[in-house]
file protein_10.tsv (TSV, C-alpha atoms and all ligand atoms)
chain	number	residue	atom	x	y	z
A	5	MET	CA	-128.82	147.52	-154.09
A	6	SER	CA	-125.72	147.03	-151.95
A	7	ALA	CA	-122.36	148.46	-153.07
A	8	THR	CA	-119.97	146.07	-154.80
A	9	PRO	CA	-117.54	144.73	-152.18
A	10	PRO	CA	-113.82	145.26	-152.79
A	11	VAL	CA	-112.10	142.39	-154.65
A	12	SER	CA	-109.77	141.94	-151.65
A	13	LEU	CA	-109.17	143.70	-148.38
A	14	PRO	CA	-105.90	145.68	-148.19
A	15	GLU	CA	-103.07	143.46	-146.91
A	16	PRO	CA	-101.83	144.34	-143.42
A	17	THR	CA	-98.32	145.83	-143.41
A	18	LYS	CA	-95.80	143.06	-142.86
A	19	VAL	CA	-93.22	144.06	-140.26
A	20	ALA	CA	-90.11	142.26	-138.99
A	21	VAL	CA	-88.85	143.24	-135.53
A	22	LEU	CA	-85.23	142.22	-134.92
A	23	GLY	CA	-84.46	141.81	-131.22
A	24	ALA	CA	-86.86	140.15	-128.77
A	25	GLY	CA	-85.79	142.00	-125.63
A	26	SER	CA	-88.06	144.29	-123.64
A	27	MET	CA	-88.29	147.08	-126.22
A	28	GLY	CA	-88.33	144.89	-129.34
A	29	THR	CA	-91.15	142.79	-127.90
A	30	THR	CA	-93.05	145.84	-126.67
A	31	PHE	CA	-92.83	147.63	-130.02
A	32	ALA	CA	-93.89	144.40	-131.77
A	33	MET	CA	-96.96	144.50	-129.52
A	34	VAL	CA	-97.70	148.12	-130.50
A	35	LEU	CA	-97.34	147.30	-134.22
A	36	ALA	CA	-99.61	144.26	-133.92
A	37	ASP	CA	-102.19	146.28	-131.95
A	38	ALA	CA	-102.03	148.83	-134.78
A	39	GLY	CA	-102.98	146.12	-137.27
A	40	CYS	CA	-99.61	145.07	-138.69
A	41	ASP	CA	-98.66	141.46	-139.43
A	42	VAL	CA	-95.63	141.22	-137.12
A	43	THR	CA	-92.82	138.66	-136.92
A	44	LEU	CA	-90.45	139.01	-133.99
A	45	TRP	CA	-86.92	137.67	-134.48
A	46	GLY	CA	-84.52	136.77	-131.68
A	47	ARG	CA	-81.81	134.25	-130.96
A	48	ASP	CA	-83.37	132.44	-127.98
A	49	ALA	CA	-85.49	129.58	-129.34
A	50	VAL	CA	-87.39	129.08	-126.06
A	51	VAL	CA	-88.43	132.75	-126.03
A	52	LEU	CA	-89.37	132.90	-129.70
A	53	ASP	CA	-91.34	129.63	-129.61
A	54	ALA	CA	-93.39	131.02	-126.73
A	55	VAL	CA	-93.96	134.30	-128.59
A	56	ASP	CA	-95.13	132.32	-131.60
A	57	GLN	CA	-97.30	129.77	-129.79
A	58	THR	CA	-98.70	131.52	-126.72
A	59	HIS	CA	-97.85	135.15	-127.54
A	60	ARG	CA	-95.91	135.63	-124.33
A	61	ASN	CA	-92.28	136.65	-123.58
A	62	GLU	CA	-91.80	135.78	-119.94
A	63	LYS	CA	-88.05	136.46	-120.10
A	64	TYR	CA	-88.41	140.16	-120.97
A	65	LEU	CA	-92.09	141.05	-120.37
A	66	PRO	CA	-93.27	138.75	-117.57
A	67	GLY	CA	-97.02	138.59	-117.18
A	68	VAL	CA	-97.80	140.44	-120.41
A	69	GLN	CA	-100.23	138.86	-122.88
A	70	LEU	CA	-99.15	139.92	-126.36
A	71	PRO	CA	-101.48	140.21	-129.34
A	72	ALA	CA	-101.23	137.61	-132.11
A	73	MET	CA	-97.79	137.69	-133.77
A	74	HIS	CA	-95.19	135.30	-135.12
A	75	GLY	CA	-91.90	134.48	-133.43
A	76	THR	CA	-88.83	132.97	-135.07
A	77	THR	CA	-85.08	132.50	-134.71
A	78	ASP	CA	-84.71	132.40	-138.50
A	79	PRO	CA	-84.03	135.87	-139.91
A	80	ALA	CA	-85.06	134.72	-143.41
A	81	VAL	CA	-88.54	133.90	-142.10
A	82	ALA	CA	-88.85	137.24	-140.30
A	83	LEU	CA	-87.58	139.39	-143.16
A	84	LYS	CA	-89.35	137.72	-146.10
A	85	GLY	CA	-91.92	140.17	-147.46
A	86	ALA	CA	-91.41	142.68	-144.62
A	87	SER	CA	-91.90	146.22	-145.87
A	88	ILE	CA	-90.85	147.64	-142.48
A	89	VAL	CA	-87.88	146.25	-140.53
A	90	VAL	CA	-87.49	147.42	-136.93
A	91	VAL	CA	-84.10	146.98	-135.27
A	92	SER	CA	-83.96	146.67	-131.46
A	93	VAL	CA	-80.77	144.90	-130.44
A	94	PRO	CA	-78.13	146.50	-128.17
A	95	SER	CA	-76.36	149.22	-130.16
A	96	GLN	CA	-72.94	147.62	-129.90
A	97	VAL	CA	-74.13	144.48	-131.73
A	98	ALA	CA	-76.26	146.24	-134.36
A	99	ARG	CA	-73.55	146.18	-137.02
A	100	ALA	CA	-72.80	142.47	-136.63
A	101	THR	CA	-76.50	141.55	-136.44
A	102	LEU	CA	-77.44	143.50	-139.57
A	103	SER	CA	-74.36	142.39	-141.50
A	104	SER	CA	-75.41	138.76	-141.04
A	105	MET	CA	-78.88	139.56	-142.47
A	106	LYS	CA	-77.92	142.04	-145.18
A	107	ASP	CA	-79.02	139.91	-148.14
A	108	LEU	CA	-82.37	139.02	-146.53
A	109	VAL	CA	-83.80	142.54	-146.23
A	110	GLU	CA	-86.35	143.30	-148.97
A	111	PRO	CA	-85.00	145.85	-151.49
A	112	ASP	CA	-87.67	148.50	-150.73
A	113	ALA	CA	-88.05	147.95	-146.99
A	114	VAL	CA	-87.95	150.92	-144.61
A	115	VAL	CA	-85.54	150.17	-141.73
A	116	VAL	CA	-86.34	151.67	-138.33
A	117	SER	CA	-84.05	151.96	-135.30
A	118	LEU	CA	-85.36	151.85	-131.73
A	119	MET	CA	-81.78	151.79	-130.44
A	120	LYS	CA	-80.46	154.52	-128.15
A	121	GLY	CA	-76.71	154.21	-128.42
A	122	VAL	CA	-73.62	155.31	-130.33
A	123	GLU	CA	-71.20	152.74	-131.76
A	124	LEU	CA	-67.87	152.38	-129.97
A	125	GLY	CA	-64.89	152.80	-132.26
A	126	THR	CA	-66.76	154.61	-135.07
A	127	ASP	CA	-68.87	157.06	-132.97
A	128	ARG	CA	-71.72	156.44	-135.43
A	129	ARG	CA	-75.39	156.84	-134.59
A	130	MET	CA	-77.54	153.75	-135.19
A	131	SER	CA	-79.22	155.16	-138.32
A	132	GLN	CA	-75.76	155.68	-139.77
A	133	VAL	CA	-74.77	152.10	-138.95
A	134	MET	CA	-77.98	150.76	-140.53
A	135	ALA	CA	-77.56	152.88	-143.67
A	136	GLU	CA	-73.93	151.86	-144.03
A	137	VAL	CA	-74.42	148.11	-143.51
A	138	LEU	CA	-77.61	147.82	-145.56
A	139	ASP	CA	-76.71	150.49	-148.12
A	140	LEU	CA	-79.92	152.45	-147.50
A	141	PRO	CA	-80.90	155.83	-148.97
A	142	ASP	CA	-82.31	158.45	-146.53
A	143	GLU	CA	-85.92	157.69	-147.43
A	144	ARG	CA	-85.56	154.10	-146.24
A	145	VAL	CA	-84.23	155.04	-142.78
A	146	ALA	CA	-86.24	156.06	-139.70
A	147	VAL	CA	-85.70	156.20	-135.95
A	148	VAL	CA	-88.21	156.03	-133.11
A	149	SER	CA	-87.34	157.73	-129.82
A	150	GLY	CA	-89.16	159.34	-126.92
A	151	PRO	CA	-90.18	158.78	-123.29
A	152	ASN	CA	-90.88	155.12	-123.97
A	153	LEU	CA	-90.13	152.96	-120.93
A	154	ALA	CA	-91.03	149.52	-122.26
A	155	PRO	CA	-92.76	148.14	-119.13
A	156	GLU	CA	-95.25	151.05	-119.16
A	157	ILE	CA	-96.02	150.74	-122.89
A	158	ALA	CA	-96.46	146.99	-122.38
A	159	GLU	CA	-99.28	147.86	-119.95
A	160	ARG	CA	-100.74	149.98	-122.75
A	161	GLN	CA	-100.35	153.17	-120.71
A	162	PRO	CA	-100.80	156.42	-122.70
A	163	THR	CA	-97.49	157.13	-124.43
A	164	ALA	CA	-96.19	159.46	-127.14
A	165	THR	CA	-93.08	159.14	-129.27
A	166	VAL	CA	-91.22	160.67	-132.20
A	167	VAL	CA	-90.73	158.96	-135.55
A	168	ALA	CA	-87.92	160.71	-137.39
A	169	SER	CA	-86.81	160.32	-140.98
A	170	ARG	CA	-85.21	162.72	-143.42
A	171	SER	CA	-88.25	161.86	-145.56
A	172	GLU	CA	-91.52	163.15	-144.07
A	173	ALA	CA	-93.40	160.50	-146.12
A	174	THR	CA	-91.31	157.73	-144.55
A	175	ALA	CA	-91.82	159.13	-141.05
A	176	GLN	CA	-95.56	159.24	-141.75
A	177	LEU	CA	-95.58	155.66	-143.02
A	178	VAL	CA	-93.88	154.37	-139.87
A	179	ALA	CA	-96.09	156.57	-137.67
A	180	ASP	CA	-99.20	155.10	-139.33
A	181	ALA	CA	-97.87	151.58	-138.75
A	182	CYS	CA	-97.41	152.09	-134.98
A	183	SER	CA	-100.34	154.35	-134.10
A	184	THR	CA	-102.78	152.91	-131.55
A	185	GLY	CA	-105.27	154.17	-128.97
A	186	TYR	CA	-102.49	154.26	-126.34
A	187	PHE	CA	-99.41	155.02	-128.48
A	188	ARG	CA	-99.25	158.35	-130.34
A	189	PRO	CA	-96.33	158.99	-132.72
A	190	TYR	CA	-95.34	162.49	-133.83
A	191	THR	CA	-93.15	162.91	-136.92
A	192	ASN	CA	-89.90	164.86	-137.24
A	193	THR	CA	-87.32	165.16	-140.03
A	194	ASP	CA	-84.45	165.84	-137.57
A	195	VAL	CA	-82.91	162.36	-137.41
A	196	VAL	CA	-79.63	163.62	-135.94
A	197	GLY	CA	-81.33	165.48	-133.09
A	198	VAL	CA	-83.84	162.77	-132.23
A	199	GLU	CA	-81.18	160.07	-132.23
A	200	LEU	CA	-78.65	162.03	-130.18
A	201	CYS	CA	-81.29	162.87	-127.58
A	202	GLY	CA	-82.00	159.15	-127.14
A	203	ALA	CA	-78.35	158.21	-126.73
A	204	VAL	CA	-77.13	161.06	-124.53
A	205	LYS	CA	-80.06	161.04	-122.08
A	206	ASN	CA	-78.87	157.60	-120.97
A	207	ILE	CA	-75.60	159.14	-119.77
A	208	ILE	CA	-77.40	161.88	-117.88
A	209	ALA	CA	-79.67	159.19	-116.38
A	210	LEU	CA	-76.58	157.36	-115.12
A	211	ALA	CA	-75.52	160.60	-113.40
A	212	ALA	CA	-79.03	161.08	-111.98
A	213	GLY	CA	-79.04	157.54	-110.64
A	214	MET	CA	-75.60	158.02	-109.10
A	215	ALA	CA	-76.83	161.19	-107.38
A	216	GLN	CA	-79.89	159.41	-106.02
A	217	GLY	CA	-77.75	156.51	-104.81
A	218	GLN	CA	-75.56	159.01	-102.96
A	219	GLY	CA	-78.64	160.35	-101.20
A	220	PHE	CA	-79.06	163.63	-103.10
A	221	GLY	CA	-82.59	164.89	-103.67
A	222	TRP	CA	-84.78	166.78	-106.12
A	223	ASN	CA	-82.59	169.89	-106.47
A	224	THR	CA	-79.69	167.79	-107.69
A	225	LEU	CA	-81.96	165.79	-109.99
A	226	ALA	CA	-83.48	168.93	-111.52
A	227	THR	CA	-80.01	170.43	-111.97
A	228	LEU	CA	-78.76	167.32	-113.76
A	229	ILE	CA	-81.82	167.19	-116.03
A	230	THR	CA	-81.60	170.88	-116.90
A	231	ARG	CA	-77.84	171.09	-117.40
A	232	GLY	CA	-77.92	167.67	-119.08
A	233	LEU	CA	-80.31	169.07	-121.65
A	234	VAL	CA	-77.87	171.92	-122.24
A	235	GLU	CA	-75.12	169.38	-122.99
A	236	ILE	CA	-77.35	167.36	-125.30
A	237	THR	CA	-78.43	170.51	-127.12
A	238	ARG	CA	-74.87	171.79	-127.51
A	239	LEU	CA	-73.69	168.54	-129.07
A	240	GLY	CA	-76.78	168.25	-131.24
A	241	LEU	CA	-76.48	171.76	-132.63
A	242	ALA	CA	-72.78	171.19	-133.39
A	243	LEU	CA	-73.80	168.10	-135.39
A	244	GLY	CA	-76.51	169.94	-137.34
A	245	ALA	CA	-79.66	169.11	-135.34
A	246	GLU	CA	-82.73	171.38	-135.13
A	247	PRO	CA	-83.10	173.41	-131.88
A	248	ALA	CA	-86.81	172.56	-131.46
A	249	THR	CA	-86.09	168.83	-131.14
A	250	PHE	CA	-84.45	169.24	-127.73
A	251	SER	CA	-87.53	170.61	-125.98
A	252	GLY	CA	-89.68	167.87	-127.55
A	253	LEU	CA	-90.56	164.31	-126.60
A	254	ALA	CA	-87.24	162.81	-127.71
A	255	GLY	CA	-85.36	165.54	-125.84
A	256	MET	CA	-86.81	166.89	-122.62
A	257	GLY	CA	-89.48	164.17	-122.61
A	258	ASP	CA	-87.19	161.17	-122.65
A	259	LEU	CA	-84.58	162.86	-120.46
A	260	THR	CA	-87.19	163.45	-117.74
A	261	ALA	CA	-88.62	159.92	-117.89
A	262	THR	CA	-85.25	158.21	-117.87
A	263	CYS	CA	-83.62	160.38	-115.20
A	264	ALA	CA	-86.61	160.09	-112.86
A	265	SER	CA	-87.84	156.52	-113.27
A	266	PRO	CA	-86.52	153.43	-111.50
A	267	LEU	CA	-87.79	151.51	-114.56
A	268	SER	CA	-84.81	152.91	-116.49
A	269	ARG	CA	-81.87	150.49	-116.52
A	270	ASN	CA	-79.43	153.40	-116.89
A	271	HIS	CA	-80.94	155.13	-113.86
A	272	ARG	CA	-80.86	151.91	-111.82
A	273	LEU	CA	-77.29	151.13	-112.81
A	274	GLY	CA	-76.19	154.62	-111.80
A	275	LYS	CA	-78.03	154.26	-108.50
A	276	HIS	CA	-76.24	150.99	-107.72
A	277	ILE	CA	-72.92	152.75	-108.32
A	278	GLY	CA	-74.08	155.62	-106.12
A	279	GLU	CA	-74.80	153.10	-103.37
A	280	GLY	CA	-71.25	151.78	-103.60
A	281	LEU	CA	-71.26	148.91	-106.11
A	282	THR	CA	-68.47	148.59	-108.67
A	283	LEU	CA	-69.40	148.99	-112.34
A	284	ALA	CA	-69.17	145.22	-112.90
A	285	GLU	CA	-71.39	144.53	-109.88
A	286	ALA	CA	-73.88	147.21	-110.95
A	287	ILE	CA	-74.14	145.81	-114.49
A	288	LYS	CA	-74.81	142.35	-113.08
A	289	VAL	CA	-77.45	143.48	-110.60
A	290	THR	CA	-79.21	145.81	-113.05
A	291	GLY	CA	-79.60	143.27	-115.88
A	292	GLY	CA	-80.71	144.19	-119.40
A	293	THR	CA	-79.13	146.71	-121.71
A	294	ALA	CA	-77.87	149.98	-120.18
A	295	GLU	CA	-76.65	151.71	-123.33
A	296	GLY	CA	-75.16	154.72	-121.54
A	297	VAL	CA	-72.20	152.77	-120.15
A	298	LYS	CA	-70.56	152.19	-123.53
A	299	SER	CA	-72.09	155.09	-125.45
A	300	SER	CA	-70.70	157.59	-122.94
A	301	GLU	CA	-67.21	157.02	-124.36
A	302	SER	CA	-68.37	157.54	-127.96
A	303	VAL	CA	-70.42	160.59	-127.07
A	304	LEU	CA	-67.46	162.17	-125.29
A	305	GLU	CA	-65.28	161.48	-128.34
A	306	LEU	CA	-67.88	163.15	-130.57
A	307	ALA	CA	-68.00	166.12	-128.21
A	308	ARG	CA	-64.22	166.51	-128.22
A	309	ALA	CA	-64.05	166.17	-132.01
A	310	HIS	CA	-66.56	169.03	-132.31
A	311	ASP	CA	-65.09	171.10	-129.48
A	312	VAL	CA	-68.28	170.81	-127.40
A	313	GLU	CA	-68.18	171.04	-123.61
A	314	MET	CA	-70.04	168.16	-121.89
A	315	PRO	CA	-68.96	168.20	-118.23
A	316	ILE	CA	-71.59	165.79	-116.88
A	317	THR	CA	-70.81	163.27	-119.62
A	318	ALA	CA	-67.07	163.68	-119.03
A	319	GLY	CA	-67.59	163.15	-115.28
A	320	VAL	CA	-69.65	159.99	-115.84
A	321	VAL	CA	-66.97	158.59	-118.17
A	322	GLU	CA	-64.28	159.25	-115.55
A	323	VAL	CA	-66.32	157.66	-112.75
A	324	LEU	CA	-67.14	154.57	-114.84
A	325	ALA	CA	-63.46	154.23	-115.81
A	326	GLY	CA	-62.45	154.42	-112.15
A	327	LYS	CA	-60.46	157.61	-112.76
A	328	LEU	CA	-62.63	159.84	-110.57
A	329	PRO	CA	-64.11	158.70	-107.24
A	330	LEU	CA	-67.88	159.21	-107.34
A	331	ALA	CA	-67.61	161.08	-104.03
A	332	ASP	CA	-65.68	163.81	-105.92
A	333	LEU	CA	-67.99	164.10	-108.96
A	334	ALA	CA	-70.42	166.69	-107.57
A	335	ALA	CA	-67.61	168.83	-106.16
A	336	THR	CA	-65.72	168.66	-109.47
A	337	LEU	CA	-68.79	169.79	-111.42
A	338	LEU	CA	-69.65	172.58	-108.97
A	339	ALA	CA	-66.08	173.91	-108.85
A	340	ARG	CA	-65.97	174.67	-112.58
A	341	PRO	CA	-65.49	178.36	-113.51
A	342	LYS	CA	-68.68	180.41	-112.99
A	343	LYS	CA	-70.51	181.39	-116.17
A	344	SER	CA	-73.76	182.76	-117.54
A	345	GLU	CA	-76.58	180.22	-117.62
A	346	VAL	CA	-77.66	181.21	-121.10
A	347	ALA	CA	-74.29	181.77	-122.77
A	348	GLY	CA	-74.27	178.24	-124.19
A	401	LIG	N1	-86.31	148.85	-122.68
A	401	LIG	C1	-86.75	150.09	-122.90
A	401	LIG	O1	-87.53	150.67	-122.10
A	401	LIG	C2	-86.31	150.81	-124.12
A	401	LIG	C3	-85.19	150.40	-124.85
A	401	LIG	N2	-84.81	151.11	-125.95
A	401	LIG	C4	-83.64	150.70	-126.71
A	401	LIG	O2	-83.89	149.47	-127.35
A	401	LIG	C5	-82.66	148.79	-127.58
A	401	LIG	C6	-82.83	147.35	-127.13
A	401	LIG	O3	-83.01	147.40	-125.74
A	401	LIG	P1	-83.95	146.41	-124.92
A	401	LIG	O4	-84.90	145.67	-125.77
A	401	LIG	O5	-84.50	147.19	-123.80
A	401	LIG	O6	-82.81	145.41	-124.37
A	401	LIG	P2	-82.97	144.10	-123.53
A	401	LIG	O7	-81.76	144.04	-122.68
A	401	LIG	O8	-84.30	144.00	-122.91
A	401	LIG	O9	-82.87	142.95	-124.64
A	401	LIG	C7	-81.76	142.85	-125.48
A	401	LIG	C8	-82.12	141.97	-126.67
A	401	LIG	O10	-81.01	141.93	-127.56
A	401	LIG	C9	-80.60	140.58	-127.72
A	401	LIG	N3	-79.17	140.50	-127.86
A	401	LIG	C10	-78.22	140.71	-126.91
A	401	LIG	N4	-77.01	140.51	-127.43
A	401	LIG	C11	-77.20	140.14	-128.72
A	401	LIG	C12	-76.31	139.77	-129.76
A	401	LIG	N5	-74.99	139.73	-129.58
A	401	LIG	N6	-76.83	139.47	-130.96
A	401	LIG	C13	-78.17	139.47	-131.15
A	401	LIG	N7	-79.06	139.82	-130.19
A	401	LIG	C14	-78.55	140.13	-129.00
A	401	LIG	C15	-81.08	139.84	-126.48
A	401	LIG	O11	-81.21	138.48	-126.79
A	401	LIG	P3	-80.98	137.31	-125.70
A	401	LIG	O12	-82.21	137.31	-124.84
A	401	LIG	O13	-80.86	136.10	-126.55
A	401	LIG	O14	-79.74	137.66	-124.93
A	401	LIG	C16	-82.43	140.53	-126.27
A	401	LIG	O15	-83.39	140.02	-127.14
A	401	LIG	C17	-81.59	149.56	-126.79
A	401	LIG	O16	-80.85	150.35	-127.67
A	401	LIG	C18	-82.40	150.44	-125.85
A	401	LIG	O17	-81.74	151.65	-125.53
A	401	LIG	C19	-85.53	152.17	-126.40
A	401	LIG	C20	-86.65	152.59	-125.74
A	401	LIG	C21	-87.09	151.98	-124.52
A	402	LIG	O1	-85.06	154.67	-123.30
A	402	LIG	C1	-85.77	154.35	-122.39
A	402	LIG	C2	-87.01	155.08	-122.06
A	402	LIG	O2	-87.35	155.99	-123.05
A	402	LIG	C3	-85.40	153.22	-121.52
A	402	LIG	O3	-84.36	153.60	-120.70
A	402	LIG	P1	-83.33	152.51	-120.18
A	402	LIG	O4	-82.63	151.96	-121.40
A	402	LIG	O5	-82.43	153.27	-119.27
A	402	LIG	O6	-84.11	151.46	-119.48
call {"tool": "encode", "arguments": {"input": "protein_10.tsv", "output": "structure tokens"}}
result
Amino acid sequence: MSATPPVSLPEPTKVAVLGAGSMGTTFAMVLADAGCDVTLWGRDAVVLDAVDQTHRNEKYLPGVQLPAMHGTTDPAVALKGASIVVVSVPSQVARATLSSMKDLVEPDAVVVSLMKGVELGTDRRMSQVMAEVLDLPDERVAVVSGPNLAPEIAERQPTATVVASRSEATAQLVADACSTGYFRPYTNTDVVGVELCGAVKNIIALAAGMAQGQGFGWNTLATLITRGLVEITRLGLALGAEPATFSGLAGMGDLTATCASPLSRNHRLGKHIGEGLTLAEAIKVTGGTAEGVKSSESVLELARAHDVEMPITAGVVEVLAGKLPLADLAATLLARPKKSEVAG
């Protein structure tokens, strides 16, 4: 006799992804491949109609065939019944975007940030902005960060990431929702560390791009990555992060990918500046969201408030503000007082 079939199959997890740019669309793809029922929200009706009807986003992921998912410009449609809400808009518009949707988020939903920036004016990390605007307890907040260049994930290349939440159960829930044969999430409870790594590596990638644009080679790149990690670690520890996070995927992993790859918008923008473009010209030519430009100011403010030395970050801020000629950046960094490598 055959076993009695279940009364109903378990419902797929309903997920809303807010932000239909390259990363929002790519993560929506991962979630749908992992079996979730995904609705992607964005503000461009042409893009979201195509996502809904033909499962393509030619504006941000040209040539990529997405799995079945819904697309909408109506946040009420996206958020209704969603037990996981993923936020992937540029960091500087996260507060306004979430404020306009506050009453539409389901009361028990877990809210996940993919954003790698720090808010100008408040110096808040994105999980702090989400928690503040949506009035979320720790167990409903998670962040995803790692070496996750969207165009590579969109080709379903092997990729790993970190899902961080103060609640291990929440991190596990989100990790289960986005786990596929090509995308492997690890969990971490160090939200501060994981989030800071994601935001500050963009600034170091700007510096790496600038160096490449100036014609410097691998020694300079390796120096920036290594000393950049020291800066990230110093700030993170001052803000209460766990030391192990910095050598992990969100730390060394993402720093390496972003500093080395021309797929990184921060790297490309820095390279354009290194080749002689103004900041405004570089932003225009690069296209897309290069979070490091604005976050560098907030990160430097955080560093100063906690008495943390971040010379590469400070140099990038000065160059972007037009206060230090790029030609003088390397000399300025190298002329600093000699010190022990390991003294902190
Ligand atoms: N791309 C990547 O490889 C990765 C990106 N991230 C992070 O993901 C976040 C999003 O970046 P990404 O998807 O790459 O960015 P993109 O530049 O590709 O897309 C930005 C998205 O945000 C929307 N947007 C822009 N301004 C507003 C606004 N004022 N209100 C509402 N929506 C707006 C755009 O909509 P519209 O088209 O209508 O302008 C677009 O959908 C960033 O924090 C980034 O650091 C993290 C990991 C990897
Ligand atoms: O965060 C990223 C890869 O992990 C993407 O970097 P960019 O935002 O510089 O493109």
call {"tool": "axis_aligned_box", "arguments": {"input": "protein_10.tsv", "around": "ligand LIG 402 (chain A)", "padding_each_side": "8 Å", "output": "lines of an AutoDock Vina configuration file"}}
result
center_x = -84.9
center_y = 153.7
center_z = -121.3
size_x = 20.9
size_y = 20.5
size_z = 20.0
call {"tool": "residues_near_ligand", "arguments": {"input": "protein_10.tsv", "ligand": "ligand LIG 402 (chain A)", "cutoff": "8 Å", "atoms": "all atoms listed in the file", "output": "CSV table (one decimal) with C-alpha atoms, in the coordinates of the input"}}
result
chain,number,residue,atom,x,y,z
A,120,LYS,CA,-80.5,154.5,-128.2
A,149,SER,CA,-87.3,157.7,-129.8
A,150,GLY,CA,-89.2,159.3,-126.9
A,151,PRO,CA,-90.2,158.8,-123.3
A,152,ASN,CA,-90.9,155.1,-124.0
A,153,LEU,CA,-90.1,153.0,-120.9
A,154,ALA,CA,-91.0,149.5,-122.3
A,202,GLY,CA,-82.0,159.2,-127.1
A,206,ASN,CA,-78.9,157.6,-121.0
A,209,ALA,CA,-79.7,159.2,-116.4
A,258,ASP,CA,-87.2,161.2,-122.6
A,259,LEU,CA,-84.6,162.9,-120.5
A,261,ALA,CA,-88.6,159.9,-117.9
A,262,THR,CA,-85.2,158.2,-117.9
A,267,LEU,CA,-87.8,151.5,-114.6
A,268,SER,CA,-84.8,152.9,-116.5
A,269,ARG,CA,-81.9,150.5,-116.5
A,270,ASN,CA,-79.4,153.4,-116.9
A,271,HIS,CA,-80.9,155.1,-113.9
A,272,ARG,CA,-80.9,151.9,-111.8
A,293,THR,CA,-79.1,146.7,-121.7
A,294,ALA,CA,-77.9,150.0,-120.2
A,295,GLU,CA,-76.6,151.7,-123.3
A,296,GLY,CA,-75.2,154.7,-121.5
call {"tool": "residues_near_point", "arguments": {"input": "protein_10.tsv", "point": "(-93.7, 136.9, -122.1)", "cutoff": "12 Å", "atoms": "all atoms listed in the file", "output": "JSON, numbers by chain"}}
result
{"A": [24, 25, 26, 29, 30, 33, 50, 51, 52, 53, 54, 55, 56, 57, 58, 59, 60, 61, 62, 63, 64, 65, 66, 67, 68, 69, 70, 71, 75, 155, 158]}
call {"tool": "write_last_selection", "arguments": {"input": "protein_10.tsv", "atoms": "C-alpha atoms", "output": "PDB file, in the frame of the given file"}}
result
ATOM      1  CA  ALA A  24     -86.860 140.150-128.770  1.00  0.00           C
ATOM      2  CA  GLY A  25     -85.790 142.000-125.630  1.00  0.00           C
ATOM      3  CA  SER A  26     -88.060 144.290-123.640  1.00  0.00           C
ATOM      4  CA  THR A  29     -91.150 142.790-127.900  1.00  0.00           C
ATOM      5  CA  THR A  30     -93.050 145.840-126.670  1.00  0.00           C
ATOM      6  CA  MET A  33     -96.960 144.500-129.520  1.00  0.00           C
ATOM      7  CA  VAL A  50     -87.390 129.080-126.060  1.00  0.00           C
ATOM      8  CA  VAL A  51     -88.430 132.750-126.030  1.00  0.00           C
ATOM      9  CA  LEU A  52     -89.370 132.900-129.700  1.00  0.00           C
ATOM     10  CA  ASP A  53     -91.340 129.630-129.610  1.00  0.00           C
ATOM     11  CA  ALA A  54     -93.390 131.020-126.730  1.00  0.00           C
ATOM     12  CA  VAL A  55     -93.960 134.300-128.590  1.00  0.00           C
ATOM     13  CA  ASP A  56     -95.130 132.320-131.600  1.00  0.00           C
ATOM     14  CA  GLN A  57     -97.300 129.770-129.790  1.00  0.00           C
ATOM     15  CA  THR A  58     -98.700 131.520-126.720  1.00  0.00           C
ATOM     16  CA  HIS A  59     -97.850 135.150-127.540  1.00  0.00           C
ATOM     17  CA  ARG A  60     -95.910 135.630-124.330  1.00  0.00           C
ATOM     18  CA  ASN A  61     -92.280 136.650-123.580  1.00  0.00           C
ATOM     19  CA  GLU A  62     -91.800 135.780-119.940  1.00  0.00           C
ATOM     20  CA  LYS A  63     -88.050 136.460-120.100  1.00  0.00           C
ATOM     21  CA  TYR A  64     -88.410 140.160-120.970  1.00  0.00           C
ATOM     22  CA  LEU A  65     -92.090 141.050-120.370  1.00  0.00           C
ATOM     23  CA  PRO A  66     -93.270 138.750-117.570  1.00  0.00           C
ATOM     24  CA  GLY A  67     -97.020 138.590-117.180  1.00  0.00           C
ATOM     25  CA  VAL A  68     -97.800 140.440-120.410  1.00  0.00           C
ATOM     26  CA  GLN A  69    -100.230 138.860-122.880  1.00  0.00           C
ATOM     27  CA  LEU A  70     -99.150 139.920-126.360  1.00  0.00           C
ATOM     28  CA  PRO A  71    -101.480 140.210-129.340  1.00  0.00           C
ATOM     29  CA  GLY A  75     -91.900 134.480-133.430  1.00  0.00           C
ATOM     30  CA  PRO A 155     -92.760 148.140-119.130  1.00  0.00           C
ATOM     31  CA  ALA A 158     -96.460 146.990-122.380  1.00  0.00           C
TER      32      ALA A 158
END
call {"tool": "atom_distance", "arguments": {"input": "protein_10.tsv", "atom1": "atom CA of A:Ala335", "atom2": "atom CA of A:Gly319"}}
result
10.7 Å
call {"tool": "closest_residue", "arguments": {"input": "protein_10.tsv", "among": "A:Arg170, A:Tyr186, A:Lys84, A:Lys205", "to": "ligand LIG 401 (chain A)", "atoms": "only C-alpha atoms and all ligand atoms"}}
result
A:Lys205
call {"tool": "residues_near_point", "arguments": {"input": "protein_10.tsv", "point": "(-77.0, 157.4, -134.5)", "cutoff": "8 Å", "atoms": "all atoms listed in the file", "output": "PyMOL selection string"}}
result
chain A and resi 120-123+128-133+196+199-200+203
call {"tool": "residues_around", "arguments": {"input": "protein_10.tsv", "residues": "stretch 248-254 of chain A", "least_positions_apart": "2", "cutoff": "8 Å", "atoms": "only C-alpha atoms", "output": "ChimeraX atom specification"}}
result
/A:149-151,164-166,194,197-198,201-202,233,236-237,245-246,256-259
